Amino acid sequence: MRKRSHLSWLVLAVFTMTIFFGSGLTAVAAPGLSDVQGHWAADTIQKMVDAGVVAGQPDGTFKPDNNISRAEFATLVVKAFKLEEKAGKVFTDTSDHWAKAFISTANANGIVSGYSDTEFGPNDPITREQMAVMIVKAAGWKAEGAAKVFPDDASISAWAKEAVSTASAQGVIKGRPDGNFDPKANATRAEAAVVISGTLDVKAAPEKPVDISTLDKAGTYGPASGSQEINGNVTISASGVILQNAVITGDLLIAEGVGSGEATLKNVTVKGTTTIKGGETVNFENCKLGKVNIKKAEGKSNVVLSGTTSISELLANSAVKVSGQGTIDKAVVYVANVVIEMKPTAYEVASGITANIGGVAVTGTTAVTSGGGGGGGDDSSRVKPVNATPPAGEVPAGTQVTLSTATAGATIYYTLDGSVPSSNSTKYTAPITINAATTIRAIAIKVGQTQSLVATYAYSVSVPEASASVDVAVGSGAMSAFKTITVKSTTGLSGAAKYKVSDGTTTSAVKDLGVSAAYMTSAESVTVTILASDGTTVLGTGTLNVTAAASTSIAITAVQPPVGDKTADCTVAVGSGAMAAFKTITVTSTTVSGGAKYKVSDGTTSSAVKDLGVAAAYMTSAESVTVTILASDGTTVLGTGTLNVTAAASTSIAISGSETPPEPADKKAVCTVAVGSGAMAAFKTITVTSTTVNGAAKYKVSDGTTSSAAKDLGVAAAYMTSAESVTVSILASDGTTVLGTGTLNVASAASDVSIDIQ
């Protein structure tokens with residue numbers, strides 16, 4: 001009797017597997033399912049049978065309203081999701097079950113867990129809430145948004161509530177006609193087919209764009225590639241937000257909630273107004289912005305532009321520093337403490353306000369109505385600003401500046417004495433010749449339209465052979481004698497690395513270029529001394545006025561060190577006993593102009609080339625070694641000296657030899673090029689790894705329209721260009737002195753390309 005019962009169970013199991021899932025037997029064709037015609041799930045059942053996910057019974061029926069067991073549904077999920085067999089838990093009541101492998105695979109994939117560690121209940125009918133849990137785990141869905149609440153929510157088990165809500169939100173499980181979910185009811189074969197079909201459809205559908213109109217949590221938003229259009233406004237109200245690859249049809253607000261944190265936008269277009277009310281730093285990388293209104297209630301904003309970022313109009317209604325690489329068509333400054341490092345095409349500063357624009361202090365003399373919350377009003381009827389070619393800055397004497405406006409029929413008027421132009425000023429009819437420092441202020445006027453904003457272009461000529469770029473900050477009131485002086489960079493002084501200031505009575509500490517020197521003086525001017533990397537060798541001096549805050553350039557008179565007065569400071573450490581031949585030698589600094597590296601040799605072997613300040617471990621039994629001072633390329637010899645290494649010491653040795661080695665007849669630069677793919681084909685990563693040009697330390701690249709930042713040799717420059725070739729400029733250590741140029745093809749990726757440098 002027991003044997004017969006066992007045989008009956010086995011036959012039933014095989015029959016069940018065959019009728020619902022198939023077991024290698026031919027499934028009944030869909031048109032033969034006689035009992036699904038007119039059924040509410042007929043179309044879905046047909047779809048699942050046609051797809052081979054489920055099969056009919058041998059008698060041509062499907063039995064859509066029959067219950068489905070837990071084992072059967074687990075099997076259906078494994079097959080529908082095409083999960084490979086995987087070893088998971090084998091429960092006590094599934095060890096001899098026909099669905100053992102399917103249940104084990106589902107467990108290994110985190111889809112089922114059983115009633116307990118030992119019991120799964122494979123033959124129990126699956127309930128609707130159990131089915132919801134299994135399908136949500138199989139699909140890998142997470143709870144999103146507000147949970148749907150059914151009238152019978154209280155009867156849904158706590159462990160199933162989130163899954164029921166998620167499955168309902170995805171549209172794969174719905175409530176009964178009366179609105180209830182009926183969680184404890186047994187699921188039918190038809191319901192199982194519908195749930196599986198719906199889940200597969202949702203998983204196969206294109207991912208829905210995430211609503212990113214309100215970003216109040218740190219994270220990256222927007223697609224990894226392509227572009228998402230956001231219809232309406234976007235608000236960023238948390239630090240650490242990165243918004244990428246998006247087009248905002250409305251306005252963008254960087255809200256107060258960003259606080260003293262940071263927000264970043266990459267490849268974002270804003271068609272409306274961008275308002276910055278929060279964040280210590282806001283980064284715009286390859287962005288296209290219309291009107292940008294800086295309106296922070298407290299503190300200073302740092303707006304960093306990079307890549308191809310462009311701004312149509314910048315309104316500075318609060319303190320801000322705009323830095324980096326980008327273009328600004330027009331800027332209007334309403335408040336003090338504004339720095340715009342790049343030169344806008346046109347700009348205007350309110351009366352009594354001083355701003356630093358393009359490295360020049362500009363004081364406004366025109367009453368300007370505040371841009372306020374609206375961002376400066378509607379400029380659709382305003383004449384376009386006056387453009388100047390070439391752009392403002394340093395130009396050769398005799399340069400002719402051409403003025404123009406994009407508004408057809410407009411007349412241009414200008415002044416050269418710093419006054420505000422009007423229709424009574426000089427009418428522009430021919431290019432303006434620049435033979436001395438000149439500031440052009442210009443407007444464009446057309447009948448029936450509002451005159452353009454005042455455009456200011458400052459030109460300088462006859463820049464001294466050597467100069468230094470300096471910032472001065474002056475204390476107020478009782479602290480007026482307190483000055484903060486920063487020598488940022490120099491031109492025409494090879495080897496310049498440090499500086500100090502003196503009023504003839506007291507002298508500041510020696511500072512690295514770019515590092516501020518806090519200094520007390522009542523003098524109107526101080527002497528700025530430019531020093532080599534050793535902090536003592538004087539390369540040049542100049543006079544700086546410190547009566548008022550300024551960002552300026554001062555002339556530097558170069559000082560040549562006396563011949564034979566070239567030295568190198570060295571330290572020697574000597575091993576003891578059997579290790580006496582082991583020396584640690586360090587050349588810490590040198591007065592040799594351009595000296596950057598060194599090596600030592602006893603005439604038999606040489607050490608590796610080392611940077612100044614970096615120790616060279618060296619084995620020698622000789623009493624002395626030759627120290628060779630090298631340029632930054634590590635090969636050009638600038639001088640040599642002899643160092644005694646018999647005992648530990650810190651000493652200075654004389655260096656002899658020319659500091660200006662002859663230029664090689666065939667000057668080269670070795671470069672690598674990496675090119676982006678697809679939509680990023682214009683993105684190039686260019687690296688000048690080495691060059692034979694004497695004194696070379698840095699480089700930059702340009703396509704004739706934009707230039708990269710100056711980079712150290714060997715450091716990559718990320719650069720956007722559609723040009724097939726760029727000009728590579730080889731620079732001295734000051735990052736501005738051009739030592740030579742060459743042409744590099746960037747149409748395709750290349751490694752170790754050698755180009756000629758002229």
# chains A, B, ... in the order shown; residues from 1 in each chain; ligands from 1

$ residues_around --residues "segment 601-608 of chain A" --least-positions-apart "2" --cutoff "6 Å" --atoms "only C-alpha atoms" --output "compact mmCIF listing (two decimals) with C-alpha atoms, in the first residue's frame"
# COMPACT_ATOMS: atom_id res chain seq x y z
CA LYS A 599 73.66 62.53 -10.26
CA VAL A 625 82.69 61.79 -6.15
CA THR A 626 81.73 64.12 -8.97

$ residues_around --residues "Asp712 of chain A" --least-positions-apart "3" --cutoff "8 Å" --atoms "only C-alpha atoms" --output "number ranges by chain"
A: 697-699, 715

$ write_last_selection --atoms "N, CA and C atoms" --output "PDB file, in the first residue's frame"
ATOM      1  N   ALA A 697      60.492  73.006 -18.962  1.00  0.00           N
ATOM      2  CA  ALA A 697      59.915  72.418 -17.749  1.00  0.00           C
ATOM      3  C   ALA A 697      58.426  72.199 -17.879  1.00  0.00           C
ATOM      4  N   LYS A 698      57.768  72.969 -18.751  1.00  0.00           N
ATOM      5  CA  LYS A 698      56.317  72.882 -18.879  1.00  0.00           C
ATOM      6  C   LYS A 698      55.933  72.963 -20.353  1.00  0.00           C
ATOM      7  N   TYR A 699      54.621  72.838 -20.619  1.00  0.00           N
ATOM      8  CA  TYR A 699      54.118  72.966 -21.977  1.00  0.00           C
ATOM      9  C   TYR A 699      52.644  73.330 -21.938  1.00  0.00           C
ATOM     10  N   VAL A 715      52.978  65.426 -17.453  1.00  0.00           N
ATOM     11  CA  VAL A 715      51.634  65.507 -16.871  1.00  0.00           C
ATOM     12  C   VAL A 715      50.640  65.768 -17.990  1.00  0.00           C
TER      13      VAL A 715
END

$ residues_around --residues "Ile212 of chain A" --least-positions-apart "4" --cutoff "12 Å" --atoms "only C-alpha atoms" --output "number ranges by chain"
A: 208, 216-217, 219-223, 228-237, 241-248, 252

$ select_by_dssp --residues "segment 233-362 of chain A" --states "strand (DSSP E or B)" --output "ChimeraX atom specification"
/A:234-236,241-248,252-254,262-276,281-285,288-294,301-306,310-316,320-324,327-333,338-340,346-351,354-357,360-362

$ residues_around --residues "segment 266-280 of chain A" --least-positions-apart "6" --cutoff "9 Å" --atoms "only C-alpha atoms" --output "PyMOL selection string"
chain A and resi 227+233+237-239+242-260+286-303+309+373-375

$ write_last_selection --atoms "N, CA and C atoms" --output "CSV table (one decimal), in the first residue's frame"
chain,number,residue,atom,x,y,z
A,227,SER,N,21.9,62.2,-23.3
A,227,SER,CA,21.4,63.4,-22.6
A,227,SER,C,20.0,63.2,-22.3
A,233,ASN,N,12.0,73.4,-14.1
A,233,ASN,CA,13.1,73.9,-13.3
A,233,ASN,C,13.8,72.8,-12.5
A,237,SER,N,19.8,71.3,-3.7
A,237,SER,CA,19.8,71.8,-2.3
A,237,SER,C,20.6,70.9,-1.3
A,238,ALA,N,21.6,70.2,-1.8
A,238,ALA,CA,22.5,69.4,-1.0
A,238,ALA,C,23.9,69.4,-1.5
A,239,SER,N,24.9,69.4,-0.6
A,239,SER,CA,26.3,69.3,-1.0
A,239,SER,C,26.6,67.9,-1.6
A,242,ILE,N,26.2,65.8,-8.1
A,242,ILE,CA,26.8,65.9,-9.4
A,242,ILE,C,25.6,65.7,-10.4
A,243,LEU,N,25.3,66.7,-11.3
A,243,LEU,CA,24.3,66.5,-12.3
A,243,LEU,C,25.0,66.5,-13.6
A,244,GLN,N,24.7,65.5,-14.4
A,244,GLN,CA,25.5,65.3,-15.7
A,244,GLN,C,24.5,65.0,-16.9
A,245,ASN,N,25.0,65.3,-18.1
A,245,ASN,CA,24.4,65.0,-19.3
A,245,ASN,C,22.9,65.3,-19.3
A,246,ALA,N,22.5,66.6,-19.1
A,246,ALA,CA,21.1,67.0,-19.0
A,246,ALA,C,20.9,68.3,-19.7
A,247,VAL,N,19.7,68.5,-20.2
A,247,VAL,CA,19.3,69.8,-20.8
A,247,VAL,C,18.1,70.3,-19.9
A,248,ILE,N,18.2,71.4,-19.3
A,248,ILE,CA,17.2,71.9,-18.4
A,248,ILE,C,16.5,73.0,-19.2
A,249,THR,N,15.2,72.8,-19.5
A,249,THR,CA,14.5,73.8,-20.3
A,249,THR,C,14.1,75.0,-19.5
A,250,GLY,N,14.0,74.9,-18.1
A,250,GLY,CA,13.7,76.0,-17.3
A,250,GLY,C,14.9,76.6,-16.6
A,251,ASP,N,14.7,76.9,-15.3
A,251,ASP,CA,15.8,77.5,-14.5
A,251,ASP,C,16.5,76.5,-13.6
A,252,LEU,N,17.7,76.9,-13.3
A,252,LEU,CA,18.5,76.0,-12.3
A,252,LEU,C,18.7,76.9,-11.1
A,253,LEU,N,18.5,76.3,-9.9
A,253,LEU,CA,18.7,77.0,-8.6
A,253,LEU,C,19.7,76.1,-7.8
A,254,ILE,N,20.9,76.7,-7.5
A,254,ILE,CA,21.8,76.1,-6.5
A,254,ILE,C,21.4,76.8,-5.2
A,255,ALA,N,20.6,76.0,-4.4
A,255,ALA,CA,19.9,76.6,-3.2
A,255,ALA,C,20.8,76.7,-2.0
A,256,GLU,N,20.3,77.5,-1.0
A,256,GLU,CA,21.0,77.7,0.3
A,256,GLU,C,21.4,76.4,0.9
A,257,GLY,N,20.6,75.3,0.7
A,257,GLY,CA,20.8,74.0,1.3
A,257,GLY,C,22.2,73.4,1.0
A,258,VAL,N,22.8,73.9,-0.1
A,258,VAL,CA,24.2,73.3,-0.4
A,258,VAL,C,25.2,73.8,0.6
A,259,GLY,N,24.8,74.9,1.3
A,259,GLY,CA,25.7,75.4,2.4
A,259,GLY,C,27.1,75.7,2.0
A,260,SER,N,28.1,75.3,2.8
A,260,SER,CA,29.5,75.5,2.4
A,260,SER,C,30.1,74.4,1.6
A,286,ASN,N,32.1,71.7,-19.2
A,286,ASN,CA,31.5,71.6,-20.5
A,286,ASN,C,30.0,71.9,-20.5
A,287,CYS,N,29.6,73.0,-19.9
A,287,CYS,CA,28.2,73.4,-19.7
A,287,CYS,C,27.9,74.6,-20.6
A,288,LYS,N,26.7,74.7,-21.0
A,288,LYS,CA,26.2,75.9,-21.8
A,288,LYS,C,25.1,76.6,-21.0
A,289,LEU,N,25.4,77.8,-20.5
A,289,LEU,CA,24.6,78.5,-19.6
A,289,LEU,C,24.1,79.8,-20.2
A,290,GLY,N,22.9,80.2,-19.9
A,290,GLY,CA,22.4,81.5,-20.4
A,290,GLY,C,22.8,82.5,-19.3
A,291,LYS,N,21.8,83.0,-18.6
A,291,LYS,CA,22.0,84.0,-17.6
A,291,LYS,C,22.4,83.3,-16.3
A,292,VAL,N,23.5,83.7,-15.6
A,292,VAL,CA,23.9,83.2,-14.3
A,292,VAL,C,23.9,84.3,-13.3
A,293,ASN,N,23.1,84.2,-12.3
A,293,ASN,CA,22.9,85.2,-11.3
A,293,ASN,C,23.6,84.7,-10.0
A,294,ILE,N,24.6,85.4,-9.5
A,294,ILE,CA,25.3,85.0,-8.3
A,294,ILE,C,24.6,85.9,-7.2
A,295,LYS,N,23.9,85.2,-6.3
A,295,LYS,CA,23.1,85.9,-5.3
A,295,LYS,C,23.1,85.2,-3.9
A,296,LYS,N,24.3,85.1,-3.4
A,296,LYS,CA,24.5,84.4,-2.1
A,296,LYS,C,24.4,85.3,-1.0
A,297,ALA,N,23.6,85.0,0.1
A,297,ALA,CA,23.3,85.9,1.2
A,297,ALA,C,24.5,86.1,2.0
A,298,GLU,N,25.3,85.1,2.3
A,298,GLU,CA,26.5,85.2,3.1
A,298,GLU,C,27.7,84.5,2.4
A,299,GLY,N,28.9,85.0,2.6
A,299,GLY,CA,30.1,84.3,2.1
A,299,GLY,C,30.3,84.6,0.7
A,300,LYS,N,31.4,84.1,0.2
A,300,LYS,CA,31.9,84.3,-1.2
A,300,LYS,C,31.7,83.0,-2.0
A,301,SER,N,31.2,83.1,-3.2
A,301,SER,CA,31.0,81.9,-4.1
A,301,SER,C,32.3,81.7,-4.9
A,302,ASN,N,32.6,80.5,-5.1
A,302,ASN,CA,33.7,80.1,-6.0
A,302,ASN,C,33.1,79.4,-7.2
A,303,VAL,N,33.1,80.0,-8.4
A,303,VAL,CA,32.5,79.4,-9.6
A,303,VAL,C,33.7,79.0,-10.5
A,309,THR,N,32.8,75.3,-21.3
A,309,THR,CA,31.7,76.0,-20.6
A,309,THR,C,31.6,77.4,-21.1
A,373,GLY,N,16.6,89.5,-8.0
A,373,GLY,CA,16.2,88.1,-8.1
A,373,GLY,C,15.8,87.8,-9.5
A,374,GLY,N,15.4,88.8,-10.3
A,374,GLY,CA,15.1,88.5,-11.7
A,374,GLY,C,16.2,88.4,-12.6
A,375,GLY,N,17.4,88.6,-12.1
A,375,GLY,CA,18.6,88.4,-13.0
A,375,GLY,C,18.9,89.5,-14.0

$ closest_residue --among "A:Ser525, A:Ser460, A:Gln170, A:Ser95" --to "Val472 of chain A" --atoms "only C-alpha atoms"
A:Ser525

$ residues_around --residues "Thr484 of chain A" --least-positions-apart "3" --cutoff "7 Å" --atoms "only C-alpha atoms" --output "mmCIF file with C-alpha atoms, in the first residue's frame"
data_model
loop_
_atom_site.group_PDB
_atom_site.id
_atom_site.type_symbol
_atom_site.label_atom_id
_atom_site.label_comp_id
_atom_site.auth_asym_id
_atom_site.auth_seq_id
_atom_site.Cartn_x
_atom_site.Cartn_y
_atom_site.Cartn_z
ATOM 1 C CA VAL A 472 48.458 93.266 -2.720
ATOM 2 C CA ALA A 473 45.896 93.324 0.116
ATOM 3 C CA VAL A 474 45.910 96.218 2.627
ATOM 4 C CA SER A 516 51.461 85.033 0.542
ATOM 5 C CA ALA A 517 53.890 87.071 2.661
ATOM 6 C CA ALA A 518 52.242 88.863 5.625
ATOM 7 C CA TYR A 519 54.234 92.071 6.131
#

$ residues_around --residues "Val78 of chain A" --least-positions-apart "5" --cutoff "10 Å" --atoms "only C-alpha atoms" --output "list in words"
Phe73, Leu83, Glu84, Glu85, Ala101, Phe102, Ile103, Thr105, Ala106, Asn109, Ile111 and Ala138 of chain A

$ write_last_selection --atoms "N, CA and C atoms" --output "PDB file, in the first residue's frame"
ATOM      1  N   PHE A  73       5.899  27.632  -8.583  1.00  0.00           N
ATOM      2  CA  PHE A  73       6.171  29.043  -8.877  1.00  0.00           C
ATOM      3  C   PHE A  73       7.675  29.318  -8.844  1.00  0.00           C
ATOM      4  N   LEU A  83      17.840  31.374 -15.069  1.00  0.00           N
ATOM      5  CA  LEU A  83      18.906  31.288 -14.079  1.00  0.00           C
ATOM      6  C   LEU A  83      19.627  29.960 -14.209  1.00  0.00           C
ATOM      7  N   GLU A  84      20.949  30.033 -14.250  1.00  0.00           N
ATOM      8  CA  GLU A  84      21.729  28.802 -14.328  1.00  0.00           C
ATOM      9  C   GLU A  84      21.657  28.054 -13.000  1.00  0.00           C
ATOM     10  N   GLU A  85      21.674  26.700 -13.099  1.00  0.00           N
ATOM     11  CA  GLU A  85      21.590  25.895 -11.885  1.00  0.00           C
ATOM     12  C   GLU A  85      22.745  26.241 -10.951  1.00  0.00           C
ATOM     13  N   ALA A 101      16.265  20.955  -7.504  1.00  0.00           N
ATOM     14  CA  ALA A 101      17.300  21.774  -8.139  1.00  0.00           C
ATOM     15  C   ALA A 101      16.822  23.202  -8.372  1.00  0.00           C
ATOM     16  N   PHE A 102      15.526  23.346  -8.750  1.00  0.00           N
ATOM     17  CA  PHE A 102      14.985  24.689  -8.996  1.00  0.00           C
ATOM     18  C   PHE A 102      14.914  25.492  -7.701  1.00  0.00           C
ATOM     19  N   ILE A 103      14.442  24.864  -6.628  1.00  0.00           N
ATOM     20  CA  ILE A 103      14.316  25.544  -5.337  1.00  0.00           C
ATOM     21  C   ILE A 103      15.699  25.919  -4.804  1.00  0.00           C
ATOM     22  N   THR A 105      18.377  26.511  -6.607  1.00  0.00           N
ATOM     23  CA  THR A 105      18.880  27.619  -7.431  1.00  0.00           C
ATOM     24  C   THR A 105      18.223  28.929  -7.029  1.00  0.00           C
ATOM     25  N   ALA A 106      16.904  28.897  -6.779  1.00  0.00           N
ATOM     26  CA  ALA A 106      16.195  30.104  -6.351  1.00  0.00           C
ATOM     27  C   ALA A 106      16.731  30.596  -5.013  1.00  0.00           C
ATOM     28  N   ASN A 109      20.048  32.339  -5.378  1.00  0.00           N
ATOM     29  CA  ASN A 109      19.907  33.668  -5.964  1.00  0.00           C
ATOM     30  C   ASN A 109      19.122  34.625  -5.073  1.00  0.00           C
ATOM     31  N   ILE A 111      16.068  34.366  -3.873  1.00  0.00           N
ATOM     32  CA  ILE A 111      14.658  34.526  -4.233  1.00  0.00           C
ATOM     33  C   ILE A 111      13.737  33.870  -3.213  1.00  0.00           C
ATOM     34  N   ALA A 138      13.332  38.335  -7.334  1.00  0.00           N
ATOM     35  CA  ALA A 138      13.852  37.867  -8.616  1.00  0.00           C
ATOM     36  C   ALA A 138      14.171  39.040  -9.544  1.00  0.00           C
TER      37      ALA A 138
END

$ residues_around --residues "segment 720-723 of chain A" --least-positions-apart "6" --cutoff "12 Å" --atoms "only C-alpha atoms" --output "JSON, numbers by chain"
{"A": [285, 286, 306, 307, 308, 309, 325, 326, 674, 675, 676, 679, 680, 681, 682, 683, 684, 685, 686, 701, 702, 703, 704, 705, 706, 707, 708, 709, 743, 744, 745, 746, 747, 748]}

$ closest_residue --among "A:Ala218, A:Leu33, A:Phe150, A:Val383" --to "Asp59 of chain A" --atoms "only C-alpha atoms"
A:Leu33

$ closest_residue --among "A:Thr737, A:Thr687, A:Thr327, A:Thr439" --to "Ala716 of chain A" --atoms "only C-alpha atoms"
A:Thr687

$ closest_residue --among "A:Ser157, A:Thr591, A:Thr166, A:Ser677" --to "Ser225 of chain A" --atoms "only C-alpha atoms"
A:Ser677

$ atom_distance --atom1 "atom CA of Val546 of chain A" --atom2 "atom CA of Gly514 of chain A"
17.4 Å
